[in-house]
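Dumped final.txt below, it's compact mmCIF, C-alpha atoms and all ligand atoms:
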```
# COMPACT_ATOMS: atom_id res chain seq x y z
CA MET A 1 9.90 22.84 7.04
CA THR A 2 9.62 23.87 3.42
CA ASP A 3 11.88 25.60 0.98
CA THR A 4 10.81 28.17 -1.54
CA ASN A 5 14.23 28.27 -3.19
CA THR A 6 13.69 26.00 -6.19
CA ASN A 7 14.96 25.60 -9.67
CA GLY A 8 12.00 23.36 -10.59
CA ASP A 9 14.01 20.14 -11.07
CA PRO A 10 12.14 17.34 -9.20
CA GLN A 11 15.25 15.21 -8.68
CA GLU A 12 17.14 18.13 -7.17
CA ALA A 13 14.14 18.81 -4.96
CA ILE A 14 14.04 15.15 -3.86
CA ASP A 15 17.78 15.20 -3.08
CA ALA A 16 17.50 18.44 -1.16
CA GLN A 17 14.55 17.19 0.89
CA GLY A 18 16.42 13.94 1.60
CA GLU A 19 19.44 15.91 2.83
CA ARG A 20 17.20 18.04 5.02
CA ARG A 21 15.56 14.89 6.45
CA ARG A 22 18.95 13.40 7.25
CA GLU A 23 19.96 16.52 9.14
CA GLU A 24 16.87 17.06 11.26
CA LEU A 25 13.47 15.53 11.83
CA ASP A 26 10.50 17.45 10.54
CA ASP A 27 8.66 19.17 13.45
CA ARG A 28 5.36 18.03 11.98
CA ILE A 29 6.23 14.42 12.90
CA PHE A 30 5.74 15.42 16.54
CA ASP A 31 3.04 18.06 16.05
CA HIS A 32 0.47 15.93 14.21
CA ASN A 33 -0.99 12.44 14.35
CA ALA A 34 -1.94 10.45 11.27
CA GLY A 35 -5.57 11.29 10.54
CA ASP A 36 -5.29 14.87 11.86
CA GLU A 37 -6.39 17.75 9.68
CA GLN A 38 -3.24 19.48 8.49
CA GLU A 39 -2.17 22.35 6.33
CA GLY A 40 -1.25 21.52 2.75
CA ILE A 41 -2.03 18.96 0.08
CA PRO A 42 -3.13 15.61 1.51
CA PHE A 43 -1.88 12.44 -0.19
CA VAL A 44 -4.89 10.27 0.42
CA GLY A 45 -5.17 6.50 0.19
CA ALA A 46 -8.35 5.69 -1.72
CA GLY A 47 -8.37 2.12 -0.45
CA PRO A 48 -8.59 -0.91 -2.72
CA GLY A 49 -11.68 0.13 -4.68
CA ASN A 50 -14.95 -0.20 -2.82
CA PRO A 51 -15.87 3.38 -1.78
CA ARG A 52 -16.89 2.04 1.64
CA LEU A 53 -13.25 1.22 2.28
CA LEU A 54 -12.17 4.86 2.04
CA THR A 55 -11.34 6.34 5.46
CA VAL A 56 -13.60 8.98 7.01
CA ALA A 57 -10.73 11.49 6.77
CA GLY A 58 -10.27 10.67 3.07
CA LYS A 59 -13.98 11.04 2.35
CA GLU A 60 -14.15 14.44 4.07
CA LEU A 61 -11.12 15.72 2.18
CA LEU A 62 -12.50 14.55 -1.17
CA GLU A 63 -15.88 16.14 -0.51
CA GLU A 64 -14.16 19.50 0.09
CA ALA A 65 -11.72 19.21 -2.81
CA ASP A 66 -11.63 21.55 -5.80
CA LEU A 67 -8.97 19.52 -7.62
CA VAL A 68 -8.42 15.77 -7.27
CA VAL A 69 -5.39 14.27 -8.98
CA HIS A 70 -6.07 10.54 -8.98
CA ALA A 71 -4.29 7.32 -9.89
CA GLY A 72 -6.43 6.44 -12.91
CA SER A 73 -7.86 2.99 -13.37
CA LEU A 74 -6.80 1.72 -9.94
CA VAL A 75 -9.15 4.21 -8.29
CA ASN A 76 -12.74 3.06 -8.68
CA SER A 77 -14.73 5.62 -10.70
CA GLU A 78 -17.67 4.93 -8.36
CA LEU A 79 -15.65 6.49 -5.57
CA LEU A 80 -14.87 9.53 -7.71
CA ASP A 81 -18.55 9.88 -8.69
CA GLU A 82 -19.69 9.53 -5.11
CA TYR A 83 -17.27 11.85 -3.34
CA CYS A 84 -15.74 14.17 -5.94
CA ALA A 85 -18.78 15.33 -7.87
CA HIS A 86 -17.83 19.02 -7.57
CA ALA A 87 -14.10 18.69 -8.06
CA LYS A 88 -12.01 18.96 -11.18
CA LEU A 89 -10.57 15.48 -11.81
CA VAL A 90 -7.14 14.88 -13.29
CA ASN A 91 -5.82 11.40 -14.06
CA SER A 92 -2.13 11.22 -13.17
CA VAL A 93 -1.39 8.25 -15.43
CA GLY A 94 1.01 9.26 -18.19
CA LYS A 95 1.94 12.55 -16.50
CA ASP A 96 5.45 13.10 -15.18
CA LEU A 97 6.53 15.07 -12.12
CA GLU A 98 7.35 18.07 -14.30
CA GLU A 99 3.66 18.25 -15.22
CA LEU A 100 2.06 17.12 -11.96
CA ILE A 101 3.97 19.31 -9.53
CA PRO A 102 3.19 22.70 -11.12
CA LEU A 103 -0.42 21.58 -11.65
CA MET A 104 -0.91 20.85 -7.93
CA ARG A 105 1.27 23.75 -6.74
CA ASP A 106 -0.49 26.36 -8.85
CA ALA A 107 -3.96 25.19 -7.81
CA TYR A 108 -2.90 25.15 -4.14
CA GLU A 109 -1.37 28.63 -4.40
CA ASP A 110 -4.58 29.87 -6.03
CA GLY A 111 -6.38 28.85 -2.85
CA GLU A 112 -7.93 25.62 -4.14
CA ASN A 113 -8.35 22.53 -2.00
CA VAL A 114 -6.13 20.00 -3.75
CA VAL A 115 -6.18 16.26 -3.01
CA ARG A 116 -3.70 13.76 -4.41
CA LEU A 117 -5.55 10.44 -4.45
CA HIS A 118 -3.53 7.22 -4.59
CA SER A 119 -4.89 3.69 -4.79
CA GLY A 120 -4.79 1.57 -1.64
CA ASP A 121 -2.34 3.17 0.74
CA PRO A 122 0.00 5.81 -0.71
CA ALA A 123 2.94 4.39 1.26
CA ILE A 124 2.93 1.10 -0.65
CA TYR A 125 4.30 1.25 -4.20
CA GLY A 126 2.72 4.68 -4.50
CA ALA A 127 5.66 6.94 -5.48
CA ALA A 128 4.03 9.52 -3.22
CA LEU A 129 7.10 10.78 -1.38
CA GLU A 130 8.79 12.04 -4.51
CA GLN A 131 5.77 14.18 -5.34
CA MET A 132 5.57 15.39 -1.75
CA ASP A 133 9.27 16.26 -1.68
CA ALA A 134 9.00 18.16 -4.94
CA LEU A 135 5.98 20.09 -3.64
CA GLU A 136 7.56 20.78 -0.23
CA HIS A 137 10.64 22.06 -2.00
CA GLU A 138 8.39 24.49 -3.82
CA GLY A 139 6.95 25.71 -0.51
CA VAL A 140 3.75 23.65 -0.63
CA PRO A 141 3.14 21.59 2.53
CA THR A 142 1.92 18.03 2.14
CA TYR A 143 0.90 15.12 4.37
CA PHE A 144 -0.23 11.50 4.22
CA VAL A 145 -3.73 10.20 4.86
CA PRO A 146 -3.48 6.40 5.00
CA GLY A 147 -5.72 3.98 3.16
CA VAL A 148 -6.50 0.27 3.10
CA THR A 149 -3.84 -1.41 1.03
CA SER A 150 -4.99 -4.04 -1.47
CA ALA A 151 -3.26 -6.86 0.43
CA PHE A 152 -5.65 -6.21 3.30
CA ALA A 153 -8.66 -6.27 1.00
CA ALA A 154 -7.34 -9.56 -0.40
CA SER A 155 -6.99 -11.13 3.04
CA ALA A 156 -10.50 -9.98 3.96
CA THR A 157 -11.84 -11.50 0.75
CA LEU A 158 -9.99 -14.75 1.50
CA ARG A 159 -11.43 -14.70 5.02
CA THR A 160 -8.00 -15.25 6.49
CA GLN A 161 -5.24 -13.43 8.33
CA LEU A 162 -1.89 -12.64 6.77
CA THR A 163 -0.26 -13.62 10.07
CA LEU A 164 -1.46 -16.76 11.80
CA ASN A 165 -0.04 -18.39 14.88
CA GLU A 166 2.29 -21.27 13.92
CA VAL A 167 1.59 -20.73 10.19
CA SER A 168 2.82 -17.27 9.26
CA ASN A 169 4.79 -14.98 11.54
CA HIS A 170 5.66 -12.33 8.96
CA VAL A 171 4.20 -10.56 5.94
CA ALA A 172 6.21 -9.39 2.94
CA PHE A 173 4.80 -6.66 0.73
CA THR A 174 6.81 -7.30 -2.36
CA ARG A 175 6.97 -7.15 -6.17
CA PRO A 176 8.64 -9.29 -8.81
CA GLN A 177 11.64 -8.51 -10.93
CA GLY A 178 11.02 -6.55 -14.10
CA LYS A 179 11.71 -3.03 -15.29
CA THR A 180 12.09 -1.71 -11.75
CA LEU A 181 13.70 -4.62 -9.88
CA THR A 182 16.69 -6.62 -11.05
CA PRO A 183 16.65 -10.43 -10.51
CA GLU A 184 18.94 -9.88 -7.49
CA GLU A 185 16.39 -7.50 -5.98
CA ASP A 186 13.52 -10.00 -6.39
CA HIS A 187 13.24 -11.68 -2.98
CA ILE A 188 10.03 -13.66 -3.47
CA SER A 189 11.86 -16.98 -3.47
CA ASP A 190 13.68 -16.00 -0.24
CA PHE A 191 10.40 -15.12 1.44
CA VAL A 192 8.74 -18.36 0.33
CA GLY A 193 11.82 -20.30 1.48
CA MET A 194 11.49 -18.88 4.98
CA GLY A 195 8.34 -20.95 5.35
CA ASP A 196 6.50 -18.68 7.79
CA VAL A 197 6.09 -15.59 5.61
CA THR A 198 2.97 -14.61 3.70
CA SER A 199 4.11 -12.95 0.50
CA CYS A 200 1.77 -10.31 -0.94
CA ILE A 201 2.91 -9.54 -4.45
CA TYR A 202 1.98 -6.18 -5.90
CA LEU A 203 2.50 -5.29 -9.55
CA GLY A 204 2.95 -8.94 -10.46
CA THR A 205 -0.23 -10.07 -12.22
CA HIS A 206 1.43 -10.13 -15.63
CA ALA A 207 4.34 -12.13 -14.20
CA VAL A 208 2.54 -14.92 -12.33
CA ARG A 209 3.92 -17.65 -14.60
CA ASP A 210 7.50 -16.32 -14.46
CA THR A 211 7.29 -15.97 -10.71
CA MET A 212 5.91 -19.48 -10.19
CA ASP A 213 8.45 -20.95 -12.63
CA ARG A 214 11.26 -19.37 -10.62
CA LEU A 215 9.83 -20.76 -7.38
CA LEU A 216 9.67 -24.24 -8.93
CA GLU A 217 13.23 -23.90 -10.20
CA ASP A 218 14.26 -23.02 -6.65
CA ASP A 219 12.65 -26.29 -5.46
CA HIS A 220 9.82 -24.81 -3.43
CA ASP A 221 6.91 -27.13 -2.69
CA PRO A 222 4.58 -26.98 -5.74
CA ASP A 223 1.63 -27.50 -3.38
CA THR A 224 2.27 -24.25 -1.48
CA PRO A 225 -1.04 -22.36 -1.58
CA VAL A 226 -1.37 -19.30 -3.81
CA ALA A 227 -4.36 -17.00 -4.31
CA VAL A 228 -4.77 -14.33 -6.94
CA ILE A 229 -7.39 -11.75 -6.12
CA TYR A 230 -8.30 -9.59 -9.07
CA HIS A 231 -9.84 -6.19 -8.26
CA ALA A 232 -10.27 -6.96 -4.57
CA SER A 233 -13.38 -5.20 -3.24
CA TRP A 234 -14.58 -4.08 -6.72
CA PRO A 235 -17.91 -5.29 -8.12
CA ASP A 236 -16.01 -7.52 -10.57
CA GLU A 237 -13.68 -8.96 -7.95
CA ASP A 238 -12.48 -12.46 -8.83
CA VAL A 239 -10.65 -14.97 -6.68
CA ILE A 240 -8.44 -17.69 -8.13
CA VAL A 241 -7.05 -20.21 -5.70
CA GLY A 242 -4.37 -22.78 -6.49
CA SER A 243 -0.78 -23.55 -5.69
CA ILE A 244 2.69 -22.69 -6.92
CA GLY A 245 2.29 -25.56 -9.37
CA THR A 246 -1.19 -24.73 -10.68
CA ILE A 247 -1.92 -21.02 -10.35
CA ALA A 248 -0.25 -19.80 -13.55
CA ASP A 249 -2.54 -21.86 -15.83
CA LYS A 250 -5.59 -20.67 -13.93
CA VAL A 251 -4.61 -16.99 -14.12
CA GLU A 252 -3.81 -17.27 -17.82
CA GLU A 253 -7.16 -18.93 -18.43
CA ALA A 254 -8.90 -16.08 -16.62
CA GLY A 255 -6.90 -13.61 -18.72
CA TYR A 256 -5.75 -11.25 -15.97
CA ARG A 257 -2.61 -9.24 -16.73
CA ALA A 258 -2.95 -6.44 -14.14
CA SER A 259 -4.78 -5.24 -11.03
CA ALA A 260 -4.50 -8.39 -8.95
CA MET A 261 -2.87 -9.27 -5.65
CA VAL A 262 -0.89 -12.50 -5.57
CA VAL A 263 -0.72 -14.05 -2.11
CA ILE A 264 1.64 -16.97 -1.44
CA GLY A 265 1.80 -19.03 1.72
CA ASP A 266 -0.09 -21.35 4.00
CA ALA A 267 -2.07 -18.43 5.46
CA VAL A 268 -3.99 -18.33 2.15
CA THR A 269 -6.10 -21.27 3.29
CA GLY A 270 -6.26 -20.25 6.94
CA ALA A 271 -5.74 -23.92 7.86
CA GLY A 272 -3.47 -25.49 10.45
CA TYR A 273 -2.94 -22.63 12.87
CA GLU A 274 -2.76 -22.86 16.64
CA ARG A 275 -4.79 -20.74 19.01
CA SER A 276 -2.95 -17.55 19.95
CA PHE A 277 -1.54 -16.61 23.32
CA LEU A 278 -3.89 -13.66 23.48
CA TYR A 279 -6.99 -15.72 24.29
CA GLY A 280 -5.07 -18.54 25.92
CA ASP A 281 -2.55 -18.73 28.70
CA TRP A 282 -1.45 -15.14 28.48
CA ALA A 283 -4.98 -13.83 29.01
CA ASN A 284 -5.42 -16.04 32.06
CA ARG A 285 -2.08 -15.11 33.53
CA GLY A 286 -2.77 -11.40 32.95
CA SER A 287 -6.16 -11.50 34.64
CA SER A 288 -4.89 -13.44 37.63
CA GLY A 289 -3.34 -10.14 38.68
CA ASN A 290 -0.05 -11.65 39.80
CA SER A 291 1.99 -10.15 37.01
CA ALA A 292 1.44 -6.77 35.43
CA GLU A 293 4.34 -7.57 33.12
CA ASN A 294 2.56 -10.61 31.72
CA ALA A 295 -0.70 -8.69 31.32
CA SER A 296 0.98 -6.08 29.19
CA GLU A 297 3.23 -8.49 27.28
CA PRO A 298 3.32 -6.66 23.94
CA GLU A 299 3.54 -9.71 21.72
CA ALA A 300 0.53 -11.27 23.39
CA SER A 301 -1.61 -8.16 23.47
CA ASP A 302 -1.03 -7.30 19.81
CA ASP A 303 -2.05 -10.67 18.41
C1 LIG A 401 1.09 0.76 -8.15
S1 LIG A 401 0.61 -0.53 -7.06
C2 LIG A 401 -0.31 0.43 -5.92
C3 LIG A 401 -0.64 -0.29 -4.65
C4 LIG A 401 -1.51 0.51 -3.72
N1 LIG A 401 -0.79 1.67 -3.25
C5 LIG A 401 -2.02 -0.32 -2.55
O1 LIG A 401 -1.68 0.02 -1.40
O2 LIG A 401 -2.76 -1.27 -2.78
C6 LIG A 401 -0.63 -1.33 -8.00
C7 LIG A 401 -0.75 -2.79 -7.66
O3 LIG A 401 -1.50 -2.93 -6.48
C8 LIG A 401 -2.31 -4.07 -6.55
N2 LIG A 401 -3.71 -3.64 -6.42
C9 LIG A 401 -4.17 -2.39 -6.32
N3 LIG A 401 -5.51 -2.39 -6.13
C10 LIG A 401 -5.88 -3.68 -6.12
C11 LIG A 401 -7.12 -4.35 -5.92
N4 LIG A 401 -8.25 -3.69 -5.71
N5 LIG A 401 -7.12 -5.70 -5.94
C12 LIG A 401 -5.98 -6.39 -6.12
N6 LIG A 401 -4.79 -5.81 -6.30
C13 LIG A 401 -4.74 -4.49 -6.30
C14 LIG A 401 -2.04 -4.74 -7.87
O4 LIG A 401 -1.03 -5.71 -7.66
C15 LIG A 401 -1.50 -3.60 -8.69
O5 LIG A 401 -0.63 -4.05 -9.68
```
Would you mind writing the file out in structure tokens?
Amino acid sequence: MTDTNTNGDPQEAIDAQGERRREELDDRIFDHNAGDEQEGIPFVGAGPGNPRLLTVAGKELLEEADLVVHAGSLVNSELLDEYCAHAKLVNSVGKDLEELIPLMRDAYEDGENVVRLHSGDPAIYGAALEQMDALEHEGVPTYFVPGVTSAFAASATLRTQLTLNEVSNHVAFTRPQGKTLTPEEDHISDFVGMGDVTSCIYLGTHAVRDTMDRLLEDDHDPDTPVAVIYHASWPDEDVIVGSIGTIADKVEEAGYRASAMVVIGDAVTGAGYERSFLYGDWANRGSSGNSAENASEPEASDD
């Protein structure tokens, strides 16, 4: 499960944990469900900002925490004030693994309740696993507690679905090229070109113009709907709606350079979809009792 044999190098710890994972599945995968109380340091999703969008499990863990290492400005300070009043708070921004891992390990080994608090959901652009691997390698168990990712707050704000029958069959959680992704690894144009994908762009507020320019260069329809939701679910949330051709000017005028979700695709408007099978033919066929297979048709029942 864990390994106490460490030389303190996070990359070596990550590699060792990866090797271990390749060889055998962790027993805890089968022993626990997401949301269960578990031993170790929980990596909790704070949700998009509004404290009401924190999960019950996350709230309980924060209320019991002695040390909360949080993701800085993307975690609403209201949430920290409300649920972490008695905890020591440490902002992880600007700290590397070499600093963060011993900080969390030592507190945990001293018997403190430690919570690592990520914005949204830790599994999306959270760099959580590398911290967990480094801790596990040092003998400190860890686990995920999911949160509401900002794309879901954005779709709720827009009063739409990210998947819509006959409009969008897929969702891409993606980010634009930059320091982390090369131009070849930027697939936004591919997703838009597929026509039935809603692209939710994280970490791309500063690059809205570049991204839209590339889409125009690739001959995508300039009227394709785009929404930029700044600080979704925060008190200062702002929604800018436009198209591939118009959104960059609007975002520049508003002055946002960070902390926004960029959503591209026809699902942004929620217009033009067809009723789903779930409340149509499939429902009727299922209730007629002549076909258990139809009644449990997974694609229909998940819509
Ligand atoms: C490092 S990523 C973390 C994403 C986070 N793990 C999540 O699930 O939402 C940060 C990016 O998430 C997006 N983001 C986070 N919180 C947001 C919010 N409340 N409203 C809009 N976008 C947000 C922004 O695109 C931001 O650049």
Contacts of A:Tyr143 at 8 Å or less, counting only C-alpha atoms, minus same-chain residues fewer than 5 places along, as a count of residues only? 6
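For the pair atom CA of A:Asp266 and atom CA of A:Asp236, the separation is 25.6 Å.
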A:Glu252: which residues within 12 Å, counting all atoms listed in the file, same-chain residues fewer than 2 positions away excluded, as a PyMOL selection string? chain A and resi 205-210+228+240+246-250+254-258
Could you take the residues named above and write them with C-alpha atoms, as a PDB file, in the coordinates of the input?
```pdb
ATOM      1  CA  THR A 205      -0.230 -10.070 -12.220  1.00  0.00           C
ATOM      2  CA  HIS A 206       1.430 -10.130 -15.630  1.00  0.00           C
ATOM      3  CA  ALA A 207       4.340 -12.130 -14.200  1.00  0.00           C
ATOM      4  CA  VAL A 208       2.540 -14.920 -12.330  1.00  0.00           C
ATOM      5  CA  ARG A 209       3.920 -17.650 -14.600  1.00  0.00           C
ATOM      6  CA  ASP A 210       7.500 -16.320 -14.460  1.00  0.00           C
ATOM      7  CA  VAL A 228      -4.770 -14.330  -6.940  1.00  0.00           C
ATOM      8  CA  ILE A 240      -8.440 -17.690  -8.130  1.00  0.00           C
ATOM      9  CA  THR A 246      -1.190 -24.730 -10.680  1.00  0.00           C
ATOM     10  CA  ILE A 247      -1.920 -21.020 -10.350  1.00  0.00           C
ATOM     11  CA  ALA A 248      -0.250 -19.800 -13.550  1.00  0.00           C
ATOM     12  CA  ASP A 249      -2.540 -21.860 -15.830  1.00  0.00           C
ATOM     13  CA  LYS A 250      -5.590 -20.670 -13.930  1.00  0.00           C
ATOM     14  CA  ALA A 254      -8.900 -16.080 -16.620  1.00  0.00           C
ATOM     15  CA  GLY A 255      -6.900 -13.610 -18.720  1.00  0.00           C
ATOM     16  CA  TYR A 256      -5.750 -11.250 -15.970  1.00  0.00           C
ATOM     17  CA  ARG A 257      -2.610  -9.240 -16.730  1.00  0.00           C
ATOM     18  CA  ALA A 258      -2.950  -6.440 -14.140  1.00  0.00           C
TER      19      ALA A 258
END
```
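The space separating atom CA of A:Leu162 from atom CA of A:Arg52 comes to 21.6 Å.
Residue nearest A:Leu278 within the list A:Thr142, A:Ala153, A:Leu61, A:Asn165: A:Asn165 [criterion: smallest interatomic distance, only C-alpha atoms].
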Using all atoms listed in the file, what are the residues with an atom within 7 Å of ligand LIG 401 (chain A), set out as a compact mmCIF listing (two decimals) with C-alpha atoms, in the coordinates of the input?
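What ended up in result_15.txt:
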```
# COMPACT_ATOMS: atom_id res chain seq x y z
CA GLY A 47 -8.37 2.12 -0.45
CA PRO A 48 -8.59 -0.91 -2.72
CA GLY A 49 -11.68 0.13 -4.68
CA LEU A 74 -6.80 1.72 -9.94
CA HIS A 118 -3.53 7.22 -4.59
CA SER A 119 -4.89 3.69 -4.79
CA GLY A 120 -4.79 1.57 -1.64
CA ASP A 121 -2.34 3.17 0.74
CA PRO A 122 0.00 5.81 -0.71
CA ALA A 123 2.94 4.39 1.26
CA ILE A 124 2.93 1.10 -0.65
CA TYR A 125 4.30 1.25 -4.20
CA GLY A 126 2.72 4.68 -4.50
CA VAL A 148 -6.50 0.27 3.10
CA THR A 149 -3.84 -1.41 1.03
CA SER A 150 -4.99 -4.04 -1.47
CA ALA A 151 -3.26 -6.86 0.43
CA ALA A 154 -7.34 -9.56 -0.40
CA ILE A 201 2.91 -9.54 -4.45
CA TYR A 202 1.98 -6.18 -5.90
CA LEU A 203 2.50 -5.29 -9.55
CA GLY A 204 2.95 -8.94 -10.46
CA THR A 205 -0.23 -10.07 -12.22
CA ILE A 229 -7.39 -11.75 -6.12
CA TYR A 230 -8.30 -9.59 -9.07
CA HIS A 231 -9.84 -6.19 -8.26
CA ALA A 232 -10.27 -6.96 -4.57
CA SER A 233 -13.38 -5.20 -3.24
CA TRP A 234 -14.58 -4.08 -6.72
CA ALA A 258 -2.95 -6.44 -14.14
CA SER A 259 -4.78 -5.24 -11.03
CA ALA A 260 -4.50 -8.39 -8.95
CA MET A 261 -2.87 -9.27 -5.65
```
Find the residues around stretch 89-93 of chain A up to 6 Å (all atoms listed in the file counted), leave out those fewer than 6 positions away in its own chain, and share them as a PyMOL selection string. chain A and resi 68-72
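Take atom CA of A:Thr160 and atom CA of A:Thr174: the distance between them is 19.0 Å.
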Fewer than 4 positions away in the same chain doesn't count, so skip those; otherwise give me all residues within 9 Å of stretch 177-180 of chain A, counting only C-alpha atoms, as a count of residues only. 7
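Close contacts of A:Cys200, defined as residues with an atom at most 6 Å away when counting all atoms listed in the file, with chain neighbours fewer than 5 positions off set aside, comprise Ala172, Phe173, Val262 and Val263 of chain A.
Nearest-residue note for A:Arg275: choosing from A:Asp110, A:Glu166, A:Glu37, A:Asp238, the minimum distance belongs to A:Glu166, counting only C-alpha atoms.
Counting only C-alpha atoms and comparing A:Leu54, A:Leu67, A:Leu79, A:Ala134, the residue that lies closest to A:Ala107 is A:Leu67.
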When you count all atoms listed in the file, which of these residues is closest to A:Asn33: A:Tyr273, A:Asp219, A:Pro146, A:Thr224? A:Pro146
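Distance annotation: of A:Val140, A:Ala267, A:Val75, A:Leu103, the residue with the minimal separation from A:Ser168 is A:Ala267; atom set is all atoms listed in the file.
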Taking all atoms of stretch 110-113 of chain A that appear in the file, build a box with edges along x, y and z, extend it by 3 Å on every side, and state its centre and edge lengths in Å to one decimal, as AutoDock Vina command-line options.
```
--center_x -6.5 --center_y 26.2 --center_z -4.0 --size_x 9.8 --size_y 13.3 --size_z 10.0
```
